[in-house]
Amino acid sequence: MKTTAVHILCTLLLALSVISCNEQPQVSSVSPENWGARTATIPTGDTLAVGKTYLSIYSQIFSYSEHKTHNLTAMVSLRNTSDTDTIYITTASYYDTHGKLVRSYFDNAIYLSPLETTEIVIDEKDVTGGTGSNFIFEWSTPAGASEPLFEGVMSSTMGQQGLSFTTQGKRIK
């Protein structure tokens, strides 16, 4: 009787192990938000200022040596700094350390209402960007409106210790 119970228990544990190995963990950084709900048609009659911003992001950093890395969660913050105007983000493209496009986050322009913020989160387990990942954002604002602000907040915790730091976007066009 004991042998049968042990056999059943071992079979159950083996089955659970096989099932859990086949599950692919979902990475939220691939589809963190319903971008379709933010789709915007950019007004054609308005005079819009356009720009492009570069933002460095770190999904990994070196630890101990150049041969050991530590994974980080990165929150990319897209902020409308205008308190009166809606702005438009036309592209949000994520590149890896080697400059290869990893993914684009939306196919059509999105809007941000006055003082609104939205985020893109790169999960700690999503290391496709590597140690030198970055974003390029293209945007449009009504003439005279303030420019959007793009920031990165990288963080990680292990045990009782934590690590966090920030980056800010740099306008390149």
# chains A, B, ... in the order shown; residues from 1 in each chain; ligands from 1
>>> residues_around(residues="A:Ser63", least_positions_apart="5", cutoff="12 Å", atoms="only C-alpha atoms", output="list in words")
Lys68, Thr69, His70, Asn71, Leu72, Thr131 and Leu163 of chain A
>>> write_last_selection(atoms="N, CA, C and O atoms", output="PDB file, in the first residue's frame")
ATOM      1  N   LYS A  68      29.912  38.724 -15.765  1.00  0.00           N
ATOM      2  CA  LYS A  68      28.734  38.450 -14.933  1.00  0.00           C
ATOM      3  C   LYS A  68      27.783  39.645 -15.036  1.00  0.00           C
ATOM      4  O   LYS A  68      28.199  40.786 -14.854  1.00  0.00           O
ATOM      5  N   THR A  69      26.527  39.362 -15.367  1.00  0.00           N
ATOM      6  CA  THR A  69      25.539  40.438 -15.456  1.00  0.00           C
ATOM      7  C   THR A  69      24.432  40.229 -14.437  1.00  0.00           C
ATOM      8  O   THR A  69      24.198  39.122 -13.955  1.00  0.00           O
ATOM      9  N   HIS A  70      23.750  41.321 -14.141  1.00  0.00           N
ATOM     10  CA  HIS A  70      22.631  41.331 -13.206  1.00  0.00           C
ATOM     11  C   HIS A  70      21.428  41.913 -13.954  1.00  0.00           C
ATOM     12  O   HIS A  70      21.529  42.984 -14.556  1.00  0.00           O
ATOM     13  N   ASN A  71      20.305  41.211 -13.940  1.00  0.00           N
ATOM     14  CA  ASN A  71      19.109  41.654 -14.658  1.00  0.00           C
ATOM     15  C   ASN A  71      18.381  42.744 -13.881  1.00  0.00           C
ATOM     16  O   ASN A  71      18.348  42.727 -12.654  1.00  0.00           O
ATOM     17  N   LEU A  72      17.770  43.679 -14.635  1.00  0.00           N
ATOM     18  CA  LEU A  72      17.026  44.783 -14.046  1.00  0.00           C
ATOM     19  C   LEU A  72      15.637  44.873 -14.664  1.00  0.00           C
ATOM     20  O   LEU A  72      15.434  44.500 -15.816  1.00  0.00           O
ATOM     21  N   THR A 131      23.005  45.063 -22.042  1.00  0.00           N
ATOM     22  CA  THR A 131      23.577  46.101 -21.180  1.00  0.00           C
ATOM     23  C   THR A 131      23.536  47.494 -21.781  1.00  0.00           C
ATOM     24  O   THR A 131      23.740  48.473 -21.072  1.00  0.00           O
ATOM     25  N   LEU A 163      18.659  48.039  -5.836  1.00  0.00           N
ATOM     26  CA  LEU A 163      19.451  48.877  -6.726  1.00  0.00           C
ATOM     27  C   LEU A 163      18.470  49.625  -7.607  1.00  0.00           C
ATOM     28  O   LEU A 163      17.529  49.019  -8.141  1.00  0.00           O
TER      29      LEU A 163
END
>>> residues_around(residues="stretch 168-172 of chain A", least_positions_apart="3", cutoff="8 Å", atoms="only C-alpha atoms", output="list in words")
Gly51, Lys52, Thr53, Tyr54, Leu55, Ser56, Leu149, Phe150, Glu151 and Gly152 of chain A
>>> residues_around(residues="stretch 141-144 of chain A", least_positions_apart="5", cutoff="9 Å", atoms="only C-alpha atoms", output="number ranges by chain")
A: 46-51, 85-89
>>> closest_residue(among="A:Asp126, A:Pro148, A:Ser140, A:Gly132", to="A:Phe62", atoms="only C-alpha atoms")
A:Gly132
>>> residues_around(residues="stretch 98-100 of chain A", least_positions_apart="5", cutoff="9 Å", atoms="only C-alpha atoms", output="compact mmCIF listing (two decimals) with N, CA, C and O atoms, in the first residue's frame")
# COMPACT_ATOMS: atom_id res chain seq x y z
N GLY A 129 17.44 43.25 -24.62
CA GLY A 129 18.11 44.52 -24.87
C GLY A 129 19.57 44.51 -24.46
O GLY A 129 20.39 45.20 -25.04
N GLY A 130 19.89 43.76 -23.43
CA GLY A 130 21.27 43.68 -22.97
C GLY A 130 21.69 44.88 -22.13
O GLY A 130 20.88 45.63 -21.62
N GLY A 132 23.28 47.60 -23.05
CA GLY A 132 23.28 48.92 -23.70
C GLY A 132 22.04 49.18 -24.52
O GLY A 132 22.09 49.78 -25.58
N SER A 133 20.89 48.74 -24.02
CA SER A 133 19.65 48.92 -24.79
C SER A 133 19.21 50.38 -24.76
O SER A 133 19.64 51.17 -23.92
N ASN A 134 18.35 50.73 -25.71
CA ASN A 134 17.89 52.11 -25.81
C ASN A 134 16.59 52.21 -26.58
O ASN A 134 16.18 51.27 -27.25
>>> atom_distance(atom1="atom CA of A:Ile42", atom2="atom CA of A:Ser146")
17.0 Å
>>> atom_distance(atom1="atom CA of A:Tyr94", atom2="atom CA of A:Phe106")
11.1 Å
>>> residues_around(residues="A:Leu78", least_positions_apart="4", cutoff="6 Å", atoms="only C-alpha atoms", output="list in words")
Thr117, Thr118, Glu119 and Phe150 of chain A
>>> write_last_selection(atoms="C-alpha atoms", output="compact mmCIF listing (two decimals), in the first residue's frame")
# COMPACT_ATOMS: atom_id res chain seq x y z
CA THR A 117 1.93 59.73 -18.31
CA THR A 118 2.08 56.21 -19.70
CA GLU A 119 4.72 53.54 -19.22
CA PHE A 150 11.12 60.44 -21.52
>>> residues_around(residues="A:Ala74", least_positions_apart="4", cutoff="8 Å", atoms="only C-alpha atoms", output="MDAnalysis selection string")
chainID A and resid 57:59 121:124 152:155
